[in-house]
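start33.cif follows; it contains mmCIF, C-alpha atoms.
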```cif
data_final
loop_
_atom_site.group_PDB
_atom_site.id
_atom_site.type_symbol
_atom_site.label_atom_id
_atom_site.label_comp_id
_atom_site.auth_asym_id
_atom_site.auth_seq_id
_atom_site.Cartn_x
_atom_site.Cartn_y
_atom_site.Cartn_z
ATOM 1 C CA MET A 183 -62.381 -39.910 62.710
ATOM 2 C CA LEU A 184 -62.915 -41.794 59.459
ATOM 3 C CA VAL A 185 -61.238 -45.165 58.974
ATOM 4 C CA HIS A 186 -61.231 -47.504 55.981
ATOM 5 C CA HIS A 187 -61.069 -51.256 55.521
ATOM 6 C CA GLY A 188 -59.994 -52.740 52.193
ATOM 7 C CA SER A 189 -61.857 -55.894 51.229
ATOM 8 C CA SER A 190 -63.138 -57.891 48.266
ATOM 9 C CA HIS A 191 -66.681 -57.144 49.482
ATOM 10 C CA ILE A 192 -68.754 -54.602 51.372
ATOM 11 C CA ILE A 193 -68.714 -55.094 55.146
ATOM 12 C CA GLN A 194 -71.487 -53.200 56.870
ATOM 13 C CA THR A 195 -71.082 -55.030 60.185
ATOM 14 C CA PRO A 196 -67.527 -56.076 61.117
ATOM 15 C CA VAL A 197 -67.401 -59.465 62.857
ATOM 16 C CA PHE A 198 -65.499 -59.723 66.138
ATOM 17 C CA ASN A 199 -62.591 -62.171 65.724
ATOM 18 C CA GLY A 200 -63.641 -62.686 62.126
ATOM 19 C CA SER A 201 -60.130 -62.204 60.748
ATOM 20 C CA LYS A 202 -57.147 -64.541 60.632
ATOM 21 C CA ARG A 203 -55.061 -65.060 63.757
ATOM 22 C CA THR A 204 -51.945 -64.877 61.534
ATOM 23 C CA ASN A 205 -52.509 -61.209 60.678
ATOM 24 C CA ASP A 206 -49.883 -58.749 61.944
ATOM 25 C CA TYR A 207 -51.450 -58.290 65.368
ATOM 26 C CA GLY A 208 -53.608 -61.390 65.565
ATOM 27 C CA TYR A 209 -57.401 -61.278 65.482
ATOM 28 C CA GLY A 210 -58.876 -57.859 64.859
ATOM 29 C CA PHE A 211 -60.575 -55.549 62.397
ATOM 30 C CA TYR A 212 -57.801 -53.816 60.424
ATOM 31 C CA THR A 213 -58.386 -50.266 59.190
ATOM 32 C CA THR A 214 -56.442 -47.230 57.996
ATOM 33 C CA GLU A 215 -57.151 -43.513 57.834
ATOM 34 C CA ASN A 216 -55.749 -43.524 54.269
ATOM 35 C CA ILE A 217 -58.463 -44.529 51.783
ATOM 36 C CA GLU A 218 -55.913 -44.953 48.984
ATOM 37 C CA LEU A 219 -54.039 -47.578 51.015
ATOM 38 C CA ALA A 220 -57.320 -49.314 51.816
ATOM 39 C CA LYS A 221 -58.038 -49.568 48.095
ATOM 40 C CA GLU A 222 -54.600 -51.060 47.466
ATOM 41 C CA TRP A 223 -55.184 -53.647 50.189
ATOM 42 C CA ALA A 224 -58.628 -54.379 48.727
ATOM 43 C CA CYS A 225 -57.011 -55.284 45.393
ATOM 44 C CA ALA A 226 -54.105 -57.267 46.838
ATOM 45 C CA ASN A 227 -55.066 -60.384 44.830
ATOM 46 C CA ASP A 228 -55.460 -58.445 41.559
ATOM 47 C CA GLN A 229 -59.247 -58.434 41.870
ATOM 48 C CA ASN A 230 -61.652 -55.534 42.250
ATOM 49 C CA GLY A 231 -62.663 -54.670 45.786
ATOM 50 C CA TYR A 232 -63.998 -51.978 48.092
ATOM 51 C CA ALA A 233 -62.747 -49.450 50.577
ATOM 52 C CA ASN A 234 -65.321 -49.696 53.338
ATOM 53 C CA ILE A 235 -65.689 -46.390 55.180
ATOM 54 C CA TYR A 236 -66.492 -46.148 58.877
ATOM 55 C CA GLU A 237 -66.873 -43.456 61.481
ATOM 56 C CA ALA A 238 -64.839 -44.339 64.557
ATOM 57 C CA ASP A 239 -64.773 -42.774 68.010
ATOM 58 C CA LEU A 240 -61.794 -43.944 70.062
ATOM 59 C CA THR A 241 -62.861 -42.044 73.174
ATOM 60 C CA GLY A 242 -62.616 -44.191 76.288
ATOM 61 C CA LEU A 243 -60.701 -46.985 74.558
ATOM 62 C CA LYS A 244 -57.333 -48.284 75.721
ATOM 63 C CA ILE A 245 -54.854 -47.796 72.862
ATOM 64 C CA LEU A 246 -51.465 -49.393 72.229
ATOM 65 C CA ASN A 247 -49.659 -47.085 69.788
ATOM 66 C CA LEU A 248 -46.525 -48.900 68.646
ATOM 67 C CA ASN A 249 -45.428 -45.812 66.717
ATOM 68 C CA SER A 250 -45.182 -43.661 69.838
ATOM 69 C CA SER A 251 -41.786 -42.724 71.262
ATOM 70 C CA GLU A 252 -42.033 -45.122 74.217
ATOM 71 C CA TYR A 253 -41.732 -48.124 71.897
ATOM 72 C CA ASN A 254 -39.128 -49.214 69.353
ATOM 73 C CA ILE A 255 -39.025 -51.364 66.250
ATOM 74 C CA LEU A 256 -38.249 -54.485 68.293
ATOM 75 C CA ASN A 257 -41.593 -54.193 70.079
ATOM 76 C CA TRP A 258 -43.256 -54.242 66.674
ATOM 77 C CA LEU A 259 -41.133 -57.196 65.559
ATOM 78 C CA ALA A 260 -41.909 -59.141 68.740
ATOM 79 C CA ILE A 261 -45.621 -58.934 67.976
ATOM 80 C CA LEU A 262 -45.041 -59.951 64.347
ATOM 81 C CA THR A 263 -43.058 -63.008 65.439
ATOM 82 C CA LYS A 264 -45.921 -63.992 67.723
ATOM 83 C CA TYR A 265 -48.683 -63.885 65.139
ATOM 84 C CA ARG A 266 -47.267 -63.952 61.618
ATOM 85 C CA SER A 267 -46.257 -67.340 60.212
ATOM 86 C CA TYR A 268 -43.613 -68.324 57.620
ATOM 87 C CA TRP A 269 -40.549 -67.264 59.610
ATOM 88 C CA GLN A 270 -37.259 -68.915 58.733
ATOM 89 C CA ASN A 271 -36.340 -72.076 60.541
ATOM 90 C CA GLY A 272 -32.936 -72.552 62.104
ATOM 91 C CA SER A 273 -31.333 -72.211 65.494
ATOM 92 C CA ILE A 274 -30.481 -68.488 65.290
ATOM 93 C CA ALA A 275 -33.864 -67.449 63.906
ATOM 94 C CA GLU A 276 -35.728 -69.599 66.422
ATOM 95 C CA ARG A 277 -33.704 -68.247 69.336
ATOM 96 C CA ALA A 278 -34.114 -64.691 68.035
ATOM 97 C CA LYS A 279 -37.899 -65.005 67.890
ATOM 98 C CA GLN A 280 -37.934 -66.355 71.424
ATOM 99 C CA TYR A 281 -35.654 -63.589 72.678
ATOM 100 C CA LEU A 282 -37.861 -60.907 71.144
ATOM 101 C CA GLN A 283 -40.982 -62.429 72.635
ATOM 102 C CA ASP A 284 -39.370 -62.811 76.070
ATOM 103 C CA ASN A 285 -38.002 -59.255 76.194
ATOM 104 C CA PHE A 286 -39.943 -57.010 73.787
ATOM 105 C CA PHE A 287 -43.400 -58.545 73.378
ATOM 106 C CA ILE A 288 -46.289 -56.387 74.541
ATOM 107 C CA ASP A 289 -49.398 -58.417 75.283
ATOM 108 C CA PRO A 290 -52.225 -56.864 73.241
ATOM 109 C CA THR A 291 -54.929 -58.516 75.369
ATOM 110 C CA PRO A 292 -55.559 -55.515 77.697
ATOM 111 C CA PHE A 293 -55.895 -53.099 74.767
ATOM 112 C CA ASP A 294 -58.968 -52.213 72.719
ATOM 113 C CA ILE A 295 -57.006 -50.695 69.819
ATOM 114 C CA ILE A 296 -53.540 -51.275 68.340
ATOM 115 C CA ILE A 297 -51.921 -48.659 66.115
ATOM 116 C CA GLY A 298 -48.876 -49.783 64.170
ATOM 117 C CA TYR A 299 -47.357 -50.362 60.764
ATOM 118 C CA ARG A 300 -48.622 -52.956 58.331
ATOM 119 C CA ALA A 301 -46.047 -55.585 57.337
ATOM 120 C CA ASP A 302 -46.678 -55.906 53.606
ATOM 121 C CA ASP A 303 -44.844 -58.764 51.893
ATOM 122 C CA SER A 304 -41.697 -56.767 51.203
ATOM 123 C CA TYR A 305 -41.374 -55.408 54.732
ATOM 124 C CA PHE A 306 -42.125 -58.800 56.228
ATOM 125 C CA SER A 307 -39.219 -60.249 54.232
ATOM 126 C CA PHE A 308 -36.924 -57.464 55.501
ATOM 127 C CA ALA A 309 -37.938 -58.284 59.074
ATOM 128 C CA GLN A 310 -37.196 -61.944 58.366
ATOM 129 C CA ASP A 311 -33.664 -61.020 57.225
ATOM 130 C CA PHE A 312 -33.031 -59.146 60.463
ATOM 131 C CA ILE A 313 -34.284 -62.079 62.554
ATOM 132 C CA ALA A 314 -31.986 -64.409 60.595
ATOM 133 C CA GLY A 315 -29.029 -62.107 61.272
ATOM 134 C CA THR A 316 -28.283 -60.978 57.703
ATOM 135 C CA ILE A 317 -28.907 -57.237 58.205
ATOM 136 C CA SER A 318 -28.318 -54.854 61.092
ATOM 137 C CA LEU A 319 -30.920 -53.080 63.182
ATOM 138 C CA SER A 320 -29.959 -49.704 61.711
ATOM 139 C CA LYS A 321 -30.433 -50.995 58.158
ATOM 140 C CA LEU A 322 -33.825 -52.457 59.006
ATOM 141 C CA THR A 323 -34.853 -49.157 60.624
ATOM 142 C CA GLU A 324 -33.578 -47.170 57.635
ATOM 143 C CA VAL A 325 -35.445 -49.186 55.046
ATOM 144 C CA MET A 326 -38.623 -48.976 57.122
ATOM 145 C CA ARG A 327 -38.307 -45.195 57.264
ATOM 146 C CA LEU A 328 -37.572 -44.872 53.545
ATOM 147 C CA GLY A 329 -40.538 -46.987 52.591
ATOM 148 C CA LYS A 330 -44.165 -45.952 52.505
ATOM 149 C CA LEU A 331 -45.424 -48.134 55.307
ATOM 150 C CA GLY A 332 -49.114 -47.959 55.982
ATOM 151 C CA GLU A 333 -50.242 -47.255 59.530
ATOM 152 C CA GLN A 334 -53.055 -49.493 60.719
ATOM 153 C CA ILE A 335 -55.704 -48.906 63.351
ATOM 154 C CA VAL A 336 -56.765 -52.340 64.551
ATOM 155 C CA PHE A 337 -59.943 -52.865 66.540
ATOM 156 C CA LYS A 338 -59.111 -55.724 68.902
ATOM 157 C CA SER A 339 -61.642 -55.921 71.729
ATOM 158 C CA LYS A 340 -65.369 -56.589 71.577
ATOM 159 C CA LYS A 341 -65.838 -53.216 73.276
ATOM 160 C CA SER A 342 -64.048 -51.441 70.433
ATOM 161 C CA PHE A 343 -66.454 -52.832 67.827
ATOM 162 C CA ALA A 344 -69.225 -50.709 69.349
ATOM 163 C CA HIS A 345 -67.147 -47.623 68.485
ATOM 164 C CA ILE A 346 -67.134 -48.169 64.715
ATOM 165 C CA HIS A 347 -70.101 -47.496 62.409
ATOM 166 C CA PHE A 348 -70.416 -48.179 58.672
ATOM 167 C CA ILE A 349 -70.970 -45.147 56.432
ATOM 168 C CA ASP A 350 -70.341 -46.200 52.829
ATOM 169 C CA ALA A 351 -68.090 -48.186 50.503
ATOM 170 C CA GLU A 352 -66.085 -46.969 47.516
ATOM 171 C CA PRO A 353 -65.198 -49.364 44.670
ATOM 172 C CA ALA A 354 -61.499 -50.088 44.096
ATOM 173 C CA ASP A 355 -60.460 -50.992 40.547
ATOM 174 C CA SER A 356 -57.650 -53.560 40.493
ATOM 175 C CA ARG A 357 -56.273 -52.114 37.238
ATOM 176 C CA THR A 358 -55.391 -48.992 39.211
ATOM 177 C CA TYR A 359 -54.792 -50.176 42.762
ATOM 178 C CA TYR A 360 -53.123 -53.526 42.195
ATOM 179 C CA THR A 361 -50.680 -51.647 39.957
ATOM 180 C CA LYS A 362 -50.067 -49.123 42.749
ATOM 181 C CA LYS A 363 -49.541 -51.888 45.281
ATOM 182 C CA THR A 364 -47.001 -53.753 43.133
ATOM 183 C CA ALA A 365 -45.181 -50.481 42.357
ATOM 184 C CA ARG A 366 -44.934 -49.746 46.088
ATOM 185 C CA ASP A 367 -43.497 -53.216 46.683
ATOM 186 C CA ARG A 368 -40.952 -52.782 43.869
ATOM 187 C CA GLU A 369 -39.810 -49.427 45.240
ATOM 188 C CA ALA A 370 -39.412 -50.879 48.736
ATOM 189 C CA ARG A 371 -37.323 -53.804 47.494
ATOM 190 C CA LYS A 372 -35.165 -51.504 45.362
ATOM 191 C CA ALA A 373 -34.473 -49.249 48.360
ATOM 192 C CA TYR A 374 -33.712 -52.314 50.462
ATOM 193 C CA ARG A 375 -31.182 -53.705 47.967
ATOM 194 C CA SER A 376 -29.425 -50.350 47.868
ATOM 195 C CA ILE A 377 -29.215 -50.111 51.667
ATOM 196 C CA LYS A 378 -28.191 -53.745 52.067
ATOM 197 C CA GLN A 379 -25.168 -53.237 49.790
ATOM 198 C CA THR A 380 -23.721 -50.414 51.896
ATOM 199 C CA SER A 381 -20.953 -51.277 54.372
ATOM 200 C CA ASP A 382 -21.828 -51.827 58.008
ATOM 201 C CA ASP A 383 -20.243 -49.724 60.719
ATOM 202 C CA PHE A 384 -18.231 -51.639 63.317
ATOM 203 C CA ASN A 385 -20.751 -50.646 66.004
ATOM 204 C CA GLU A 386 -23.851 -51.845 64.132
ATOM 205 C CA LEU A 387 -26.220 -54.004 66.162
ATOM 206 C CA PHE A 388 -27.256 -57.350 64.714
ATOM 207 C CA MET A 389 -29.796 -59.683 66.259
ATOM 208 C CA ILE A 390 -27.013 -61.892 67.635
ATOM 209 C CA ASP A 391 -25.503 -58.854 69.408
ATOM 210 C CA ILE A 392 -28.835 -57.986 70.975
ATOM 211 C CA MET A 393 -29.098 -61.506 72.365
ATOM 212 C CA ARG A 394 -25.469 -61.798 73.495
ATOM 213 C CA GLU A 395 -25.512 -58.450 75.261
ATOM 214 C CA GLU A 396 -28.995 -59.099 76.663
ATOM 215 C CA ILE A 397 -30.286 -55.776 75.348
ATOM 216 C CA LYS A 398 -33.777 -54.952 76.540
ATOM 217 C CA ASN A 399 -36.372 -52.182 76.336
ATOM 218 C CA GLY A 400 -35.035 -48.808 77.392
ATOM 219 C CA ASP A 401 -31.525 -49.348 76.025
ATOM 220 C CA THR A 402 -30.464 -46.114 74.277
ATOM 221 C CA ARG A 403 -28.928 -48.077 71.394
ATOM 222 C CA LEU A 404 -32.413 -49.005 70.230
ATOM 223 C CA GLN A 405 -33.508 -45.411 69.647
#
```
As structure tokens - that is how I would like this structure written.
Amino acid sequence: MLVHHGSSHIIQTPVFNGSKRTNDYGYGFYTTENIELAKEWACANDQNGYANIYEADLTGLKILNLNSSEYNILNWLAILTKYRSYWQNGSIAERAKQYLQDNFFIDPTPFDIIIGYRADDSYFSFAQDFIAGTISLSKLTEVMRLGKLGEQIVFKSKKSFAHIHFIDAEPADSRTYYTKKTARDREARKAYRSIKQTSDDFNELFMIDIMREEIKNGDTRLQ
């Protein structure tokens, strides 16, 4: 398969643990099969960049696919709360993060590859609202589905780095791709505002309900 990594520079040899620990899934080399998304990510700071192109062979690697049917959005959130910073402070938010990590966190250590959505700024703020108890689980799920979330393939283990080989790099012009990125963010926030204004059903699950009722993986209400 071909995967792409958006960056301000050409990266012929990815460095193991060369990223930030505060990325979505901690240390790792973050790629996508979508070269257009890679170019947007390359121009995230309104500067020109590159979509680095690699050939990847995932054969023999242990893969955690958070988008598969055996997992739910709370598994994804539990990993975000572990690694991403800038969560709200406060007793409910703090207890919510701890509850998610105690009951839904999947330790990525045994895995070579993680596949899951990328929490761009807008989606990270939506996740923060759910943790703080201001929106329901169904509304968070709906806005995630309506949006154009990018799926990431993250190379986590040292073993996995031997399965990725540089091919080429395509320039990404910020005049085009920064504009696309900001438009995507605007659309996501507009959809979110529209969903947030709709009335909640009596049976909606909020984070406080999940904690009070001690809901865990496998509960049918999370599907």
Spatial neighbours of segment 376-381 of chain A, max dist 12 Å, only C-alpha atoms, sep filter under 2 positions, as a compact mmCIF listing (two decimals) with C-alpha atoms, in the frame of the given file:
```txt
# COMPACT_ATOMS: atom_id res chain seq x y z
CA PHE A 308 -36.92 -57.46 55.50
CA ASP A 311 -33.66 -61.02 57.22
CA PHE A 312 -33.03 -59.15 60.46
CA THR A 316 -28.28 -60.98 57.70
CA ILE A 317 -28.91 -57.24 58.20
CA SER A 318 -28.32 -54.85 61.09
CA LEU A 319 -30.92 -53.08 63.18
CA SER A 320 -29.96 -49.70 61.71
CA LYS A 321 -30.43 -51.00 58.16
CA LEU A 322 -33.83 -52.46 59.01
CA THR A 323 -34.85 -49.16 60.62
CA GLU A 324 -33.58 -47.17 57.64
CA VAL A 325 -35.44 -49.19 55.05
CA MET A 326 -38.62 -48.98 57.12
CA ARG A 327 -38.31 -45.20 57.26
CA LEU A 328 -37.57 -44.87 53.54
CA GLY A 329 -40.54 -46.99 52.59
CA GLU A 369 -39.81 -49.43 45.24
CA ALA A 370 -39.41 -50.88 48.74
CA ARG A 371 -37.32 -53.80 47.49
CA LYS A 372 -35.16 -51.50 45.36
CA ALA A 373 -34.47 -49.25 48.36
CA TYR A 374 -33.71 -52.31 50.46
CA ASP A 383 -20.24 -49.72 60.72
CA PHE A 384 -18.23 -51.64 63.32
CA ASN A 385 -20.75 -50.65 66.00
CA GLU A 386 -23.85 -51.84 64.13
```
Can you translate the PyMOL selection byres ((chain A and resi 336) around 10) into the concrete residues it hits in this file, as a VMD selection string? chain A and resid 206 to 214 245 to 246 294 to 298 333 to 335 337 to 339 342
Residues matched by the PyMOL selection byres ((chain A and resi 306) around 10), written as JSON, numbers by chain: {"A": [206, 259, 262, 266, 268, 269, 300, 301, 302, 303, 304, 305, 307, 308, 309, 310, 311]}
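If you count all atoms listed in the file and ignore residues fewer than 5 places along the chain from Glu352 of chain A, what sits within 9 Å of it is A:Ile192, A:Lys221, A:Gly231, A:Tyr232, A:Ala233, A:Asn234, A:Ile235.
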Coordinates-based distance that separates atom CA of Cys225 of chain A from atom CA of Ser356 of chain A (Å, one decimal):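 Taking atom CA of Ser356 of chain A and atom CA of Cys225 of chain A, their separation equals 5.2 Å.
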Let me know the residues the PyMOL selection byres ((chain A and resi 279) around 12) catches in the file above, as an mmCIF file with C-alpha atoms, in the frame of the given file.
```cif
data_model
loop_
_atom_site.group_PDB
_atom_site.id
_atom_site.type_symbol
_atom_site.label_atom_id
_atom_site.label_comp_id
_atom_site.auth_asym_id
_atom_site.auth_seq_id
_atom_site.Cartn_x
_atom_site.Cartn_y
_atom_site.Cartn_z
ATOM 1 C CA LEU A 256 -38.249 -54.485 68.293
ATOM 2 C CA ASN A 257 -41.593 -54.193 70.079
ATOM 3 C CA LEU A 259 -41.133 -57.196 65.559
ATOM 4 C CA ALA A 260 -41.909 -59.141 68.740
ATOM 5 C CA ILE A 261 -45.621 -58.934 67.976
ATOM 6 C CA LEU A 262 -45.041 -59.951 64.347
ATOM 7 C CA THR A 263 -43.058 -63.008 65.439
ATOM 8 C CA LYS A 264 -45.921 -63.992 67.723
ATOM 9 C CA TYR A 265 -48.683 -63.885 65.139
ATOM 10 C CA ARG A 266 -47.267 -63.952 61.618
ATOM 11 C CA SER A 267 -46.257 -67.340 60.212
ATOM 12 C CA TRP A 269 -40.549 -67.264 59.610
ATOM 13 C CA GLN A 270 -37.259 -68.915 58.733
ATOM 14 C CA ASN A 271 -36.340 -72.076 60.541
ATOM 15 C CA GLY A 272 -32.936 -72.552 62.104
ATOM 16 C CA SER A 273 -31.333 -72.211 65.494
ATOM 17 C CA ILE A 274 -30.481 -68.488 65.290
ATOM 18 C CA ALA A 275 -33.864 -67.449 63.906
ATOM 19 C CA GLU A 276 -35.728 -69.599 66.422
ATOM 20 C CA ARG A 277 -33.704 -68.247 69.336
ATOM 21 C CA ALA A 278 -34.114 -64.691 68.035
ATOM 22 C CA GLN A 280 -37.934 -66.355 71.424
ATOM 23 C CA TYR A 281 -35.654 -63.589 72.678
ATOM 24 C CA LEU A 282 -37.861 -60.907 71.144
ATOM 25 C CA GLN A 283 -40.982 -62.429 72.635
ATOM 26 C CA ASP A 284 -39.370 -62.811 76.070
ATOM 27 C CA ASN A 285 -38.002 -59.255 76.194
ATOM 28 C CA PHE A 286 -39.943 -57.010 73.787
ATOM 29 C CA PHE A 287 -43.400 -58.545 73.378
ATOM 30 C CA ALA A 309 -37.938 -58.284 59.074
ATOM 31 C CA GLN A 310 -37.196 -61.944 58.366
ATOM 32 C CA PHE A 312 -33.031 -59.146 60.463
ATOM 33 C CA ILE A 313 -34.284 -62.079 62.554
ATOM 34 C CA ALA A 314 -31.986 -64.409 60.595
ATOM 35 C CA GLY A 315 -29.029 -62.107 61.272
ATOM 36 C CA MET A 389 -29.796 -59.683 66.259
ATOM 37 C CA ILE A 390 -27.013 -61.892 67.635
ATOM 38 C CA ILE A 392 -28.835 -57.986 70.975
ATOM 39 C CA MET A 393 -29.098 -61.506 72.365
#
```
Point out the residue among A:Tyr359, A:Phe343, A:Tyr236, A:Trp258 with the least atom-to-atom distance to Phe198 of chain A, counting only C-alpha atoms.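 Nearest to Phe198 of chain A: A:Phe343.
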d(atom CA of Leu248 of chain A, atom CA of Asp289 of chain A) in Å: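 Interatomic distance, atom CA of Leu248 of chain A to atom CA of Asp289 of chain A: 12.0 Å.
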Any idea what the distance is between atom CA of Ile255 of chain A and atom CA of Tyr299 of chain A? 10.0 Å
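With all atoms listed in the file as the basis for measurement, A:Thr195 is the residue among A:Ser190, A:Thr195, A:Asn399, A:Gln405 that approaches Ile349 of chain A most closely.
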